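K.L.:
Take this structure, written in structure tokens, and hold onto it; I'll ask about it next.
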Amino acid sequence: MTVERTFVAIKPDGVQRGLVGEIISRFERKGFKLVALKQLIPSRAMAEKHYGVHRDRPFFNGLVDFITSGPVVLMVWEGDGVIAGSRKLIGATKPLDADPGTIRGDLAVNIGRNVIHGSDGLDTASFEIGLWFSSAELNDWLPSDQAWRVES
Ligand code: IDP
Ligand code: MG
């Protein structure tokens, strides 16, 4: 396993429904390390860049309307296998197909209101971290209990 970083965003529905603490807690308890965090209301231009791969899909405009509709909480998490590991914590895109125990499986019912975004690979993680954060906003730090999470 190599240490990776991934981009995770709590979407406007997650913020409006008061799920920020619940979601962050799941990543912390898993043992991943938070290296960046901020809240903002995305501009249309940023939302369109972020979801650029979906530009030609029928749901694109509705998705951009939704993502720009209120505050989102943006994070970068670091750890061994954190990209795939986060997608497991998050669960399937369609919340009704997401396993119980996952964030979408436990906290959402609708694909258009599925609470959270997570990068799906190394390239998208790198693109999305660079899109939403400057390098000065990414913190290198060592948790004091690191030796109790990771074998040296
Ligand atoms: P992901 O968020 O699990 O990576 P993607 O297929 O990358 O899923 O789609 C990005 C987002 O677009 C989804 O999280 C969801 O919010 C939205 N989306 C995807 N498919 C649909 C759809 O069929 N209707 C409405 N929204 C959709
Ligand atoms: Mg995706």
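A note on labels: chains of the structure tokens are A, B, ... as shown, every chain counts residues from 1, and ligands are counted from 1 in their shown order.
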Please identify the residues whose atoms come within 9 Å of ligand 2, using only C-alpha atoms and all ligand atoms, and report them as a list of chain:residue names.

P.N.:
A:Tyr51, A:Val53, A:His54, A:Thr93, A:His117, A:Gly118, A:Ser119, A:Asp120, A:Thr124

K.L.:
Take the selection from the previous step and output its residues with all heavy atoms, as a tab-separated table (two decimals), in the first residue's frame.

P.N.:
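Once written, out_7.tsv looks like this:
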```tsv
chain	number	residue	atom	x	y	z
A	51	TYR	N	-17.29	18.58	-12.35
A	51	TYR	CA	-18.10	17.52	-12.96
A	51	TYR	C	-17.97	17.50	-14.48
A	51	TYR	O	-18.85	17.00	-15.17
A	51	TYR	CB	-19.56	17.67	-12.53
A	51	TYR	CG	-19.83	17.12	-11.14
A	51	TYR	CD1	-20.40	17.92	-10.15
A	51	TYR	CD2	-19.54	15.79	-10.82
A	51	TYR	CE1	-20.65	17.42	-8.88
A	51	TYR	CE2	-19.79	15.28	-9.55
A	51	TYR	CZ	-20.35	16.10	-8.59
A	51	TYR	OH	-20.60	15.58	-7.33
A	53	VAL	N	-16.45	15.70	-16.60
A	53	VAL	CA	-16.59	14.41	-17.31
A	53	VAL	C	-18.06	14.07	-17.57
A	53	VAL	O	-18.35	13.24	-18.43
A	53	VAL	CB	-15.95	13.21	-16.54
A	53	VAL	CG1	-14.44	13.33	-16.51
A	53	VAL	CG2	-16.52	13.07	-15.15
A	54	HIS	N	-18.96	14.70	-16.83
A	54	HIS	CA	-20.39	14.40	-16.99
A	54	HIS	C	-21.11	15.46	-17.84
A	54	HIS	O	-22.35	15.48	-17.89
A	54	HIS	CB	-21.08	14.33	-15.61
A	54	HIS	CG	-20.56	13.21	-14.75
A	54	HIS	ND1	-20.56	11.90	-15.14
A	54	HIS	CD2	-20.01	13.22	-13.50
A	54	HIS	CE1	-20.05	11.14	-14.18
A	54	HIS	NE2	-19.70	11.92	-13.17
A	93	THR	N	-23.15	4.78	-5.90
A	93	THR	CA	-23.69	6.08	-6.33
A	93	THR	C	-25.20	6.17	-6.05
A	93	THR	O	-25.69	7.20	-5.60
A	93	THR	CB	-23.43	6.27	-7.84
A	93	THR	OG1	-22.03	6.13	-8.07
A	93	THR	CG2	-23.88	7.63	-8.31
A	117	HIS	N	-19.31	13.33	-2.13
A	117	HIS	CA	-18.49	13.01	-3.30
A	117	HIS	C	-17.13	12.50	-2.83
A	117	HIS	O	-16.59	13.00	-1.85
A	117	HIS	CB	-18.26	14.28	-4.15
A	117	HIS	CG	-17.17	14.09	-5.16
A	117	HIS	ND1	-17.40	13.53	-6.40
A	117	HIS	CD2	-15.83	14.33	-5.10
A	117	HIS	CE1	-16.25	13.46	-7.06
A	117	HIS	NE2	-15.28	13.93	-6.30
A	118	GLY	N	-16.57	11.54	-3.56
A	118	GLY	CA	-15.19	11.11	-3.32
A	118	GLY	C	-14.51	10.79	-4.63
A	118	GLY	O	-15.13	10.20	-5.53
A	119	SER	N	-13.25	11.17	-4.76
A	119	SER	CA	-12.49	10.89	-6.00
A	119	SER	C	-12.49	9.39	-6.27
A	119	SER	O	-12.41	8.58	-5.35
A	119	SER	CB	-11.05	11.35	-5.86
A	119	SER	OG	-10.97	12.70	-5.46
A	120	ASP	N	-12.51	9.04	-7.58
A	120	ASP	CA	-12.60	7.61	-7.92
A	120	ASP	C	-11.29	7.00	-8.41
A	120	ASP	O	-11.26	5.84	-8.79
A	120	ASP	CB	-13.73	7.38	-8.93
A	120	ASP	CG	-13.48	8.07	-10.26
A	120	ASP	OD1	-12.40	8.66	-10.45
A	120	ASP	OD2	-14.38	8.01	-11.13
A	124	THR	N	-8.12	11.41	-10.86
A	124	THR	CA	-9.20	12.32	-10.46
A	124	THR	C	-8.88	12.94	-9.10
A	124	THR	O	-9.17	14.10	-8.86
A	124	THR	CB	-10.58	11.64	-10.45
A	124	THR	OG1	-10.48	10.41	-9.75
A	124	THR	CG2	-11.10	11.40	-11.84
```

K.L.:
Got a sec to check which residues lie within 10 Å of ligand 1, using only C-alpha atoms and all ligand atoms, and send them as number ranges by chain?

P.N.:
A: 9, 11, 50-51, 53-54, 57-64, 66-67, 87, 90-95, 104, 110-121

K.L.:
Using only C-alpha atoms, determine which residues lie at most 9 Å from A:Trp132, disregarding the query and same-chain residues fewer than 2 positions distant; provide the list as an NGL selection string.

P.N.:
:A and (7 or 46 or 50 or 74 or 127-130 or 134)

K.L.:
Determine, counting only C-alpha atoms, which protein, DNA and RNA residues have an atom within 10 Å of an atom of A:Arg5; residues of the same chain fewer than 3 positions away are not included. Present the result as an MDAnalysis selection string.

P.N.:
chainID A and resid 2 8 32:35 76:83 119 122 125:126 129

K.L.:
Of the candidates A:Val109, A:Ser43, A:Ile103, A:Glu28, which one gets nearest to A:Pro143 if we count only C-alpha atoms?

P.N.:
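With only C-alpha atoms as the atom set, the closest residue is A:Glu28.
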
K.L.:
Kindly indicate which residue among A:Leu89, A:Leu107, A:Ala36, A:Asp65 lies nearest to A:Glu48, using only C-alpha atoms for the distances.

P.N.:
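Smallest distance to A:Glu48 is found for A:Asp65.
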
K.L.:
Check the smallest atom-to-atom distance from each of A:Ala108, A:Gly101, A:Lys49, A:Ala84 to A:Asp13 using only C-alpha atoms, then report the winner.

P.N.:
A:Ala108
